[in-house]
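Asks: Structure supplied as coords.txt; contents: compact mmCIF, C-alpha atoms.
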```
# COMPACT_ATOMS: atom_id res chain seq x y z
CA MET A 68 99.04 126.23 119.35
CA ASN A 69 97.87 122.73 120.22
CA ILE A 70 98.58 119.89 117.85
CA ILE A 71 97.61 116.21 117.85
CA ILE A 72 99.91 113.96 115.81
CA VAL A 73 98.42 110.67 114.67
CA ASP A 74 100.70 108.12 113.06
CA ASP A 75 101.04 104.37 113.54
CA GLU A 76 104.71 104.66 112.60
CA GLY A 77 106.40 105.42 115.91
CA ILE A 78 109.64 106.89 114.63
CA VAL A 79 107.93 109.49 112.43
CA ARG A 80 105.44 110.35 115.17
CA ASP A 81 108.10 110.78 117.84
CA ILE A 82 110.48 112.81 115.67
CA LEU A 83 107.73 115.13 114.49
CA ALA A 84 106.53 115.61 118.07
CA THR A 85 110.02 116.41 119.34
CA ILE A 86 110.66 118.93 116.58
CA LEU A 87 107.30 120.65 117.06
CA ILE A 88 107.79 120.84 120.85
CA ASP A 89 111.27 122.32 120.23
CA ASN A 90 109.52 124.93 118.11
CA GLY A 91 107.13 125.92 120.86
CA PHE A 92 104.01 123.91 120.08
CA ASP A 93 101.92 121.91 122.55
CA VAL A 94 101.84 118.40 121.19
CA GLN A 95 99.97 115.19 121.94
CA THR A 96 100.52 111.97 120.06
CA ALA A 97 98.35 109.00 119.13
CA ASP A 98 99.23 105.76 117.38
CA SER A 99 95.77 105.27 115.89
CA ALA A 100 92.91 107.31 114.52
CA GLN A 101 90.66 106.15 117.35
CA GLU A 102 93.17 107.37 119.94
CA GLY A 103 93.52 110.66 118.05
CA LEU A 104 89.74 111.18 118.18
CA ARG A 105 89.74 110.43 121.88
CA LEU A 106 92.44 113.05 122.47
CA LEU A 107 90.40 115.51 120.42
CA THR A 108 87.50 115.22 122.85
CA GLU A 109 89.80 116.09 125.74
CA SER A 110 92.03 118.80 124.34
CA PRO A 111 91.66 122.21 122.74
CA ALA A 112 93.56 121.11 119.63
CA ASP A 113 93.94 123.53 116.73
CA PHE A 114 95.48 121.00 114.36
CA ILE A 115 95.57 117.29 113.72
CA ILE A 116 98.55 116.12 111.72
CA THR A 117 97.80 112.59 110.66
CA ASP A 118 99.25 109.85 108.54
CA PHE A 119 97.05 108.89 105.63
CA LEU A 120 97.44 105.13 105.61
CA MET A 121 96.73 103.47 108.95
CA PRO A 122 95.05 100.22 109.92
CA HIS A 123 91.41 100.08 111.04
CA MET A 124 90.70 103.78 110.38
CA ASP A 125 92.69 105.80 107.84
CA GLY A 126 93.52 109.49 107.81
CA VAL A 127 90.55 110.50 105.63
CA GLU A 128 88.09 108.72 107.93
CA LEU A 129 89.75 110.46 110.86
CA LEU A 130 89.41 113.78 109.04
CA LYS A 131 85.69 113.25 108.46
CA GLU A 132 85.00 112.16 112.02
CA ALA A 133 87.07 114.98 113.51
CA LYS A 134 85.29 117.57 111.34
CA ARG A 135 81.91 116.13 112.38
CA THR A 136 82.63 116.70 116.05
CA ARG A 137 84.88 119.75 115.71
CA PRO A 138 84.12 121.60 112.44
CA ASP A 139 86.85 124.17 113.18
CA ILE A 140 89.65 121.61 113.49
CA LYS A 141 92.35 121.85 110.84
CA VAL A 142 93.70 118.55 109.57
CA ILE A 143 96.97 118.06 107.73
CA LEU A 144 97.27 114.69 106.01
CA MET A 145 100.70 113.13 105.57
CA SER A 146 100.87 110.63 102.78
CA GLY A 147 103.41 108.42 101.10
CA HIS A 148 103.57 108.92 97.33
CA MET A 149 101.88 105.63 96.64
CA ASP A 150 98.99 106.10 99.04
CA LEU A 151 96.76 108.56 97.21
CA ASP A 152 94.72 107.63 94.20
CA GLY A 153 92.20 109.99 92.61
CA SER A 154 89.24 109.12 94.80
CA MET A 155 91.29 109.38 97.95
CA THR A 156 92.61 112.79 96.91
CA ALA A 157 89.03 113.93 96.33
CA SER A 158 87.89 112.66 99.72
CA ALA A 159 90.80 114.50 101.32
CA GLY A 160 89.23 117.74 100.06
CA ASP A 161 88.37 118.98 103.56
CA ALA A 162 91.98 118.70 104.64
CA TYR A 163 93.84 121.90 105.46
CA ALA A 164 96.77 120.52 103.50
CA VAL A 165 98.23 117.28 102.21
CA LEU A 166 101.96 116.73 102.67
CA GLN A 167 103.73 114.04 100.69
CA LYS A 168 106.20 112.07 102.79
CA PRO A 169 109.08 112.63 102.91
CA PHE A 170 108.63 116.36 103.33
CA ASP A 171 110.65 119.42 104.28
CA PHE A 172 109.83 120.29 107.89
CA ARG A 173 109.97 123.98 106.97
CA ALA A 174 106.98 123.44 104.64
CA LEU A 175 105.00 122.16 107.63
CA MET A 176 106.11 125.17 109.70
CA ASP A 177 104.93 127.49 106.91
CA LEU A 178 101.51 125.80 106.93
CA LEU A 179 101.18 126.08 110.70
CA SER A 180 102.35 129.70 110.71
CA ALA A 181 99.88 130.66 107.99
CA ALA A 182 96.90 129.23 109.89
CA PRO A 183 94.33 131.87 110.93
CA HIS A 184 94.78 131.25 114.64
CA ALA A 185 98.56 130.91 114.58
CA MET B 1089 107.92 81.58 125.93
CA LYS B 1090 105.55 78.84 126.88
CA THR B 1091 106.11 75.73 124.91
CA LYS B 1092 102.84 74.25 123.82
CA GLN B 1093 102.27 70.54 123.49
CA PRO B 1094 103.78 69.48 120.21
CA GLN B 1095 101.32 68.68 117.45
CA THR B 1096 102.88 65.62 116.03
CA GLU B 1097 99.82 64.22 114.33
CA GLN B 1098 97.45 65.60 111.78
CA PRO B 1099 94.31 67.25 113.10
CA SER B 1100 91.50 64.94 114.03
CA ALA B 1101 89.32 64.02 111.12
CA ALA B 1102 86.31 66.09 112.13
CA SER B 1103 84.30 66.84 109.04
CA THR B 1104 85.03 70.53 109.32
CA HIS B 1105 88.77 69.97 109.58
CA ARG B 1106 90.48 68.46 106.65
CA ALA B 1107 94.12 68.01 105.87
CA VAL B 1108 95.09 68.67 102.30
CA PRO B 1109 96.22 65.45 100.67
CA GLU B 1110 99.74 65.02 99.48
CA PRO B 1111 100.09 65.88 95.78
CA ALA B 1112 100.70 62.21 95.03
CA GLU B 1113 97.19 61.52 96.31
CA THR B 1114 95.70 64.04 93.92
CA GLY B 1115 97.58 62.68 90.96
CA TRP B 1116 99.74 65.77 90.73
CA THR B 1117 103.48 65.49 90.98
CA GLY B 1118 105.74 68.38 91.68
CA ALA B 1119 107.94 67.57 88.71
CA LEU B 1120 107.04 70.80 86.99
CA LEU B 1121 108.50 72.79 89.81
CA SER B 1122 110.90 70.64 91.71
CA HIS B 1123 113.70 70.75 89.20
CA ASP B 1124 113.04 74.18 87.86
CA GLY B 1125 114.89 76.73 89.93
CA GLN B 1126 114.12 79.36 87.33
CA LEU B 1127 110.40 79.00 87.93
CA ILE B 1128 110.85 79.22 91.68
CA HIS B 1129 112.97 82.31 91.21
CA ALA B 1130 110.41 83.85 88.87
CA ALA B 1131 107.68 83.18 91.42
CA ARG B 1132 109.86 84.77 94.10
CA LEU B 1133 110.12 87.92 92.02
CA ALA B 1134 106.36 87.85 91.44
CA ALA B 1135 105.81 87.55 95.20
CA LEU B 1136 108.12 90.51 95.65
CA GLY B 1137 106.03 92.44 93.12
CA GLU B 1138 102.90 91.80 95.16
CA ILE B 1139 104.44 93.25 98.30
CA ALA B 1140 106.37 96.04 96.54
CA ALA B 1141 103.96 98.78 97.61
CA GLY B 1142 104.34 97.74 101.24
CA ILE B 1143 108.13 97.70 100.93
CA ALA B 1144 108.07 101.16 99.32
CA HIS B 1145 105.98 102.39 102.23
CA GLU B 1146 108.38 100.77 104.67
CA MET B 1147 111.30 102.57 103.01
CA ASN B 1148 109.43 105.86 102.94
CA GLN B 1149 109.21 105.99 106.73
CA PRO B 1150 112.96 106.28 107.45
CA LEU B 1151 113.26 108.68 104.50
CA ALA B 1152 110.52 110.85 106.02
CA ALA B 1153 112.26 110.72 109.39
CA ILE B 1154 115.61 111.69 107.90
CA GLN B 1155 114.23 114.59 105.87
CA MET B 1156 112.24 115.94 108.81
CA ILE B 1157 115.33 115.90 111.00
CA ALA B 1158 117.66 117.30 108.35
CA THR B 1159 115.38 120.20 107.44
CA SER B 1160 114.63 120.94 111.08
CA MET B 1161 118.37 121.02 111.82
CA LEU B 1162 118.91 123.36 108.86
CA ALA B 1163 116.24 125.72 110.20
CA ASP B 1164 117.77 125.59 113.69
CA ILE B 1165 121.27 126.24 112.34
CA GLU B 1166 120.04 129.23 110.33
CA ARG B 1167 118.43 130.61 113.52
CA GLY B 1168 121.47 129.69 115.60
CA THR B 1169 119.29 127.58 117.93
CA LEU B 1170 120.67 124.09 117.62
CA PRO B 1171 122.08 122.81 120.94
CA MET B 1172 124.97 120.38 120.51
CA GLU B 1173 123.18 117.71 122.52
CA ARG B 1174 120.15 117.85 120.24
CA ALA B 1175 122.42 117.76 117.16
CA ARG B 1176 124.13 114.66 118.52
CA GLN B 1177 120.75 113.02 119.19
CA TRP B 1178 119.44 113.81 115.70
CA LEU B 1179 122.57 112.56 113.97
CA GLY B 1180 122.29 109.32 115.93
CA THR B 1181 118.67 108.95 114.80
CA ILE B 1182 119.63 109.65 111.18
CA ASN B 1183 122.28 106.98 111.44
CA GLU B 1184 119.74 104.47 112.78
CA GLN B 1185 117.31 105.24 109.98
CA ILE B 1186 120.03 104.85 107.35
CA SER B 1187 120.83 101.45 108.85
CA ARG B 1188 117.15 100.53 108.60
CA LEU B 1189 117.10 101.55 104.92
CA SER B 1190 120.35 99.74 104.29
CA TRP B 1191 118.94 96.52 105.81
CA ILE B 1192 115.84 96.70 103.61
CA ILE B 1193 117.86 97.31 100.44
CA GLY B 1194 120.39 94.62 101.24
CA HIS B 1195 117.66 92.18 102.04
CA LEU B 1196 115.71 92.95 98.86
CA ARG B 1197 118.86 92.28 96.89
CA SER B 1198 119.46 89.02 98.70
CA PHE B 1199 115.84 87.85 98.39
CA SER B 1200 115.66 88.56 94.66
CA ARG B 1201 119.04 87.05 93.79
CA ASN B 1202 118.98 83.97 91.59
CA GLU B 1203 121.56 81.62 93.04
CA ALA B 1204 121.68 77.88 93.21
CA PRO B 1205 119.91 76.88 96.41
CA GLU B 1206 121.83 75.28 99.25
CA LEU B 1207 119.30 72.59 99.95
CA LEU B 1208 121.31 70.89 102.68
CA ALA B 1209 122.45 74.07 104.39
CA PRO B 1210 121.38 74.78 107.96
CA SER B 1211 118.88 77.60 108.27
CA SER B 1212 117.59 79.42 111.31
CA ILE B 1213 113.78 79.61 111.39
CA GLU B 1214 114.05 82.66 113.60
CA GLU B 1215 116.14 84.42 110.94
CA VAL B 1216 113.88 83.23 108.13
CA ALA B 1217 110.77 84.51 109.94
CA GLU B 1218 112.33 87.85 110.82
CA ASN B 1219 113.56 88.39 107.27
CA ALA B 1220 110.16 87.56 105.80
CA LEU B 1221 108.42 89.84 108.29
CA GLY B 1222 110.87 92.59 107.37
CA LEU B 1223 109.41 92.44 103.88
CA VAL B 1224 105.71 92.03 104.61
CA SER B 1225 105.01 93.51 108.05
CA ALA B 1226 104.36 97.08 106.85
CA GLN B 1227 101.86 95.85 104.31
CA MET B 1228 100.18 93.59 106.84
CA ARG B 1229 99.93 96.47 109.30
CA HIS B 1230 98.27 98.67 106.71
CA HIS B 1231 95.80 95.94 105.92
CA GLY B 1232 94.86 96.00 109.60
CA ILE B 1233 96.48 92.63 110.26
CA SER B 1234 98.37 91.99 113.46
CA ILE B 1235 101.10 89.38 113.48
CA GLU B 1236 101.89 87.26 116.50
CA LEU B 1237 105.29 85.58 116.42
CA GLU B 1238 105.89 82.84 118.95
CA LEU B 1239 109.13 80.97 118.40
CA GLU B 1240 110.51 78.56 120.94
CA ALA B 1241 113.79 79.79 122.39
CA SER B 1242 116.96 78.28 120.89
CA LEU B 1243 115.25 76.55 117.99
CA PRO B 1244 117.71 74.22 116.29
CA SER B 1245 118.62 74.88 112.65
CA VAL B 1246 116.58 73.15 109.98
CA ARG B 1247 117.77 71.72 106.69
CA GLY B 1248 116.99 73.94 103.71
CA ASP B 1249 117.94 77.00 101.73
CA GLY B 1250 117.19 80.08 103.85
CA ARG B 1251 116.11 82.21 100.91
CA ARG B 1252 113.67 79.57 99.69
CA LEU B 1253 112.27 79.05 103.18
CA GLU B 1254 111.78 82.79 103.37
CA GLN B 1255 109.84 82.53 100.12
CA VAL B 1256 107.60 79.98 101.87
CA PHE B 1257 106.89 82.44 104.67
CA VAL B 1258 106.31 85.37 102.28
CA ASN B 1259 103.92 83.31 100.15
CA LEU B 1260 101.94 82.00 103.12
CA LEU B 1261 101.75 85.44 104.72
CA SER B 1262 100.61 86.97 101.41
CA ASN B 1263 97.94 84.28 101.15
CA ALA B 1264 96.81 85.03 104.67
CA ARG B 1265 96.65 88.73 103.84
CA ASP B 1266 94.44 88.07 100.81
CA ALA B 1267 92.17 85.83 102.87
CA LEU B 1268 91.89 88.36 105.68
CA ASP B 1269 91.16 91.16 103.22
CA THR B 1270 87.82 89.49 102.51
CA LEU B 1271 86.71 90.03 106.12
CA PRO B 1272 84.79 93.19 107.06
CA SER B 1273 87.15 96.05 107.91
CA THR B 1274 85.97 96.02 111.54
CA SER B 1275 86.86 92.34 112.08
CA PRO B 1276 90.04 91.58 114.02
CA LYS B 1277 92.59 90.12 111.63
CA THR B 1278 95.45 88.09 112.98
CA VAL B 1279 98.22 85.89 111.68
CA ARG B 1280 100.00 83.69 114.19
CA ILE B 1281 103.40 82.18 113.48
CA ARG B 1282 104.52 79.53 115.92
CA ALA B 1283 107.48 77.19 115.85
CA HIS B 1284 108.81 74.59 118.22
CA ALA B 1285 111.29 71.77 118.04
CA LEU B 1286 110.36 68.10 118.18
CA PRO B 1287 113.79 66.68 119.02
CA GLU B 1288 112.56 63.09 119.28
CA ARG B 1289 111.49 63.30 115.64
CA ARG B 1290 114.46 65.46 114.65
CA LEU B 1291 112.32 68.22 113.18
CA VAL B 1292 110.94 71.69 113.76
CA ALA B 1293 107.18 72.19 113.54
CA ILE B 1294 105.90 75.53 112.28
CA ASP B 1295 102.30 76.73 112.20
CA ILE B 1296 101.20 79.76 110.19
CA ALA B 1297 97.57 80.46 111.02
CA ASP B 1298 95.09 83.15 110.04
CA ASN B 1299 91.58 83.82 111.31
CA GLY B 1300 90.21 84.42 107.82
CA PRO B 1301 87.20 82.84 106.14
CA GLY B 1302 88.87 79.48 105.62
CA ILE B 1303 89.24 77.51 102.42
CA PRO B 1304 86.04 76.16 100.88
CA GLU B 1305 85.96 72.38 101.02
CA LYS B 1306 85.49 71.94 97.28
CA ILE B 1307 88.83 73.60 96.50
CA ARG B 1308 90.82 72.49 99.52
CA GLU B 1309 92.39 69.49 97.86
CA HIS B 1310 93.60 71.53 94.90
CA ILE B 1311 95.38 74.38 96.66
CA PHE B 1312 98.88 72.95 96.24
CA GLU B 1313 98.45 72.30 92.54
CA PRO B 1314 100.35 74.56 90.16
CA PHE B 1315 98.35 77.33 88.48
CA PHE B 1316 95.36 76.72 90.74
CA THR B 1317 94.11 80.07 91.96
CA THR B 1318 90.90 81.61 93.22
CA LYS B 1319 92.25 85.10 92.78
CA SER B 1320 91.05 87.42 90.04
CA ALA B 1321 92.92 87.55 86.75
CA GLY B 1322 96.15 89.50 86.99
CA LYS B 1323 96.50 88.90 90.72
CA GLY B 1324 98.91 86.20 91.72
CA THR B 1325 100.62 83.59 89.60
CA GLY B 1326 98.70 80.58 90.84
CA LEU B 1327 102.08 79.16 91.80
CA GLY B 1328 102.40 80.42 95.34
CA LEU B 1329 101.22 77.39 97.29
CA SER B 1330 102.56 74.84 94.82
CA ILE B 1331 105.98 76.43 95.18
CA VAL B 1332 105.61 76.41 98.95
CA HIS B 1333 104.88 72.68 98.74
CA THR B 1334 107.82 72.07 96.43
CA ILE B 1335 110.28 73.97 98.61
CA ILE B 1336 109.16 72.16 101.74
CA ALA B 1337 109.45 68.82 99.93
CA GLU B 1338 112.95 69.76 98.72
CA CYS B 1339 113.95 70.19 102.35
CA GLY B 1340 112.59 66.75 103.16
CA GLY B 1341 109.71 68.27 105.06
CA ARG B 1342 105.97 68.31 104.63
CA ILE B 1343 103.12 70.78 104.77
CA ILE B 1344 99.44 70.29 105.33
CA ALA B 1345 96.60 72.79 105.47
CA GLU B 1346 93.90 72.66 108.08
CA SER B 1347 90.90 74.83 107.41
CA ARG B 1348 87.42 75.28 108.76
CA PRO B 1349 84.92 77.57 107.04
CA GLY B 1350 84.62 80.76 109.03
CA ALA B 1351 87.40 79.85 111.42
CA GLY B 1352 90.56 80.40 109.44
CA THR B 1353 93.33 78.35 107.96
CA THR B 1354 96.46 76.91 109.51
CA PHE B 1355 99.39 75.64 107.50
CA HIS B 1356 101.32 73.05 109.50
CA ILE B 1357 104.92 72.65 108.32
CA GLU B 1358 107.46 70.13 109.48
CA LEU B 1359 111.11 70.59 108.57
CA PRO B 1360 113.92 68.17 109.38
CA LEU B 1361 116.76 69.36 111.54
CA ALA B 1362 120.02 70.26 109.81
CA GLN B 1363 122.49 67.44 109.42
CA PRO B 1364 124.91 67.33 112.38
CA ALA B 1365 127.89 67.94 110.08
CA HIS B 1366 126.34 71.16 108.83
CA ALA B 1367 125.21 72.18 112.29
CA GLU B 1368 128.71 71.58 113.65
CA HIS B 1369 130.22 73.42 110.73
CA ARG B 1370 128.12 76.45 111.66
CA LYS B 1371 129.55 76.50 115.15
CA GLU B 1372 133.16 76.64 114.03
CA PRO B 1373 134.77 79.91 115.05
CA THR B 1374 135.79 82.29 112.32
CA PRO B 1375 139.55 82.08 111.82
```
Starting from the file, lay out its structure as structure tokens.

Replies:
Amino acid sequence: MNIIIVDDEGIVRDILATILIDNGFDVQTADSAQEGLRLLTESPADFIITDFLMPHMDGVELLKEAKRTRPDIKVILMSGHMDLDGSMTASAGDAYAVLQKPFDFRALMDLLSAAPHA
Amino acid sequence: MKTKQPQTEQPSAASTHRAVPEPAETGWTGALLSHDGQLIHAARLAALGEIAAGIAHEMNQPLAAIQMIATSMLADIERGTLPMERARQWLGTINEQISRLSWIIGHLRSFSRNEAPELLAPSSIEEVAENALGLVSAQMRHHGISIELELEASLPSVRGDGRRLEQVFVNLLSNARDALDTLPSTSPKTVRIRAHALPERRLVAIDIADNGPGIPEKIREHIFEPFFTTKSAGKGTGLGLSIVHTIIAECGGRIIAESRPGAGTTFHIELPLAQPAHAEHRKEPTP
């Protein structure tokens, strides 16, 4: 399974990538939504795991743009507790899942394992 | 770093550039604030309140890292697939993230403490800037604002209470953030912090500049007055810049604002060097 991780916070991005690679996934990383979208055009990604709150383009905008070009892409949004208000939660409706940071890695593994193409 | 030519004089009096007059010129005196440490402390806590969400986000990142690692290690241990080298690496990362959290908590405690200021103490501008950025950088990043820090190497210590000088930086950076938030989301948003020594004048010059919309001319001369604010009700105390002015004056320094509509605002600060006795005292080895 191919996964693109998008997070402007390097430590979270790198740790998540290392753990997913250890667990047998093919992983690419991006530090911005724009870079994540660029990777999406070049790779057969099944999932995007993205931070919610990022400068210039946030996770929901990334979700919408990714779905526009790749309707089958599954997007997991990672969010800090304080990031989501009601309207943002509603606009995250097309997300495969929303994970509140900090989260149990095993919950992410369950989500990935349950995906139709896993 | 490259040392730019020192700006020892006020900007030229082009009609679009205007230095903010000293409060004495506007008829306002800083008496309300200058002797009221409680008010300065209250404003510091209010400033902290404004950046609290950013600090919470900053603290959430190491927590997220730690929980991801810990739960991944648990899963690996249950499967019997955790190599010792990986365990050692993860524990080292957890330790680093705990240190990061510990720094933030310790610094929050220090910043919010209400202690008598050490107005004559030597303070490092490098330390002041780094501490302030530790509090506001996550929020600035999430507002799409990049920060450029350009400090001359081996800046001498300035005279002033480090915590209060940090309050100056936090207030000015928060002001810059609010100004830059009014730009379209696609516009590049930058804050530049520069500092260099002017040894012949025995001071350190600091510029904090944003590329925001600038300050309208009709309000420019009022910005350092207490309770003057252009922000909506409930946002800000209206004391931020007046407290900045008071703190700088307490140190024996001065601050002026240079602004041009559409081309941003620069606050020029000059702070006197620490007294030699204090500076020497700092160099004494610990017994």

Asks: Which residue out of B:Arg1132, B:Arg1282, B:His1145, B:His1356 has the minimum interatomic distance to Gln167 in chain A when all atoms listed in the file are used?

Replies: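 Of all the options, B:His1145 lies closest to Gln167 in chain A.
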
Asks: Would you kindly return, as a list in words, each protein, DNA or RNA residue with an atom no farther than 10 Å from any atom of Arg137 in chain A, considering all atoms listed in the file and excluding same-chain residues fewer than 2 positions away?

Replies: Leu107, Thr108, Ala112, Asp113, Lys131, Glu132, Ala133, Lys134, Arg135, Asp139, Ile140 and Lys141 of chain A

Asks: With C-alpha atoms retained, could you export that selection as a PDB file, keeping the file's coordinate frame?

Replies:
```pdb
ATOM      1  CA  LEU A 107      90.400 115.510 120.420  1.00  0.00           C
ATOM      2  CA  THR A 108      87.500 115.220 122.850  1.00  0.00           C
ATOM      3  CA  ALA A 112      93.560 121.110 119.630  1.00  0.00           C
ATOM      4  CA  ASP A 113      93.940 123.530 116.730  1.00  0.00           C
ATOM      5  CA  LYS A 131      85.690 113.250 108.460  1.00  0.00           C
ATOM      6  CA  GLU A 132      85.000 112.160 112.020  1.00  0.00           C
ATOM      7  CA  ALA A 133      87.070 114.980 113.510  1.00  0.00           C
ATOM      8  CA  LYS A 134      85.290 117.570 111.340  1.00  0.00           C
ATOM      9  CA  ARG A 135      81.910 116.130 112.380  1.00  0.00           C
ATOM     10  CA  ASP A 139      86.850 124.170 113.180  1.00  0.00           C
ATOM     11  CA  ILE A 140      89.650 121.610 113.490  1.00  0.00           C
ATOM     12  CA  LYS A 141      92.350 121.850 110.840  1.00  0.00           C
TER      13      LYS A 141
END
```

Asks: Hey, list the chain A side of the contact with chain B: 8 Å cut-off, only C-alpha atoms, answer as a count of residues only.

Replies: 18

Asks: Would you pick out the contacts of Ile72 in chain A at 10 Å or less, using all atoms listed in the file, so that residues sharing its chain but fewer than 4 positions from it are not included, and give the list as a list in words?

Replies: Val79, Arg80, Asp81, Leu83, Ala84, Val94, Gln95, Thr96, Ala97, Asp98, Ser99, Ala100, Gly103, Phe114, Ile115, Ile116, Thr117, Asp118, Val142 and Ile143 of chain A

Asks: One decimal, in Å: what's the spacing between CA of Ser110 in chain A and CA of Leu166 in chain A?

Replies: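 Distance between the two atoms: 23.9 Å.
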
Asks: Distance CA of Val73 in chain A-CA of Ile1281 in chain B, one decimal place?

Replies: 28.9 Å

Asks: Show me, as a PyMOL selection string, the residues that have an atom within 8 Å of Asn1299 in chain B when counting all atoms listed in the file, minus same-chain residues fewer than 6 positions from it.

Replies: chain B and resi 1268+1277-1279+1350-1353

Asks: For Ile1296 in chain B, find every residue with an atom within 10 Å (counting only C-alpha atoms), except residues of its own chain fewer than 2 positions away, and show them as a VMD selection string.

Replies: chain B and resid 1236 to 1237 1257 1260 to 1261 1264 1279 to 1283 1294 1298 1345 1353 to 1357

Asks: What is the CA of Phe92 in chain A to CA of Asp75 in chain A distance in Å?

Replies: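 CA of Asp75 in chain A lies at a distance of 20.8 Å from CA of Phe92 in chain A.
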